[in-house]
Amino acid sequence: MKQMPKEYYEQLEELQAVDFALVELTLYLDTHPTDYQAIQQFNQLAQKRKQLKKQFEAAYGPLEQFGHSYSNYPWNWDDTPWPWQV
């Protein structure tokens, strides 16, 4: 497996932190569906995640499969390491 630059790991860690917060907010909102501030925070983090994902994929390739991420030409899904391998 090839060594990735430091920025790869930093961006991936930031994405993971946002994903964690989104999961926690989802669980909270399942039991507090009228918490307006939590909904606002969820929506802000969802937008941030979208931007982070776009930046990560522009620099390092696809992050998610099943049509959630585009492929460059040539097909780059076989480029490693994949995010779940680091």
# chains A, B, ... in the order shown; residues from 1 in each chain; ligands from 1
>>> select_by_dssp(residues="segment 5-69 of chain A", states="helix (DSSP H, G or I)", output="ChimeraX atom specification")
/A:6-31,36-60
>>> residues_around(residues="segment 34-46 of chain A", least_positions_apart="6", cutoff="12 Å", atoms="only C-alpha atoms", output="VMD selection string")
chain A and resid 14 to 28 52 to 53
>>> atom_distance(atom1="atom CA of Phe56 of chain A", atom2="atom CA of Gln11 of chain A")
6.7 Å
>>> atom_distance(atom1="atom CA of Glu7 of chain A", atom2="atom CA of Glu64 of chain A")
18.8 Å
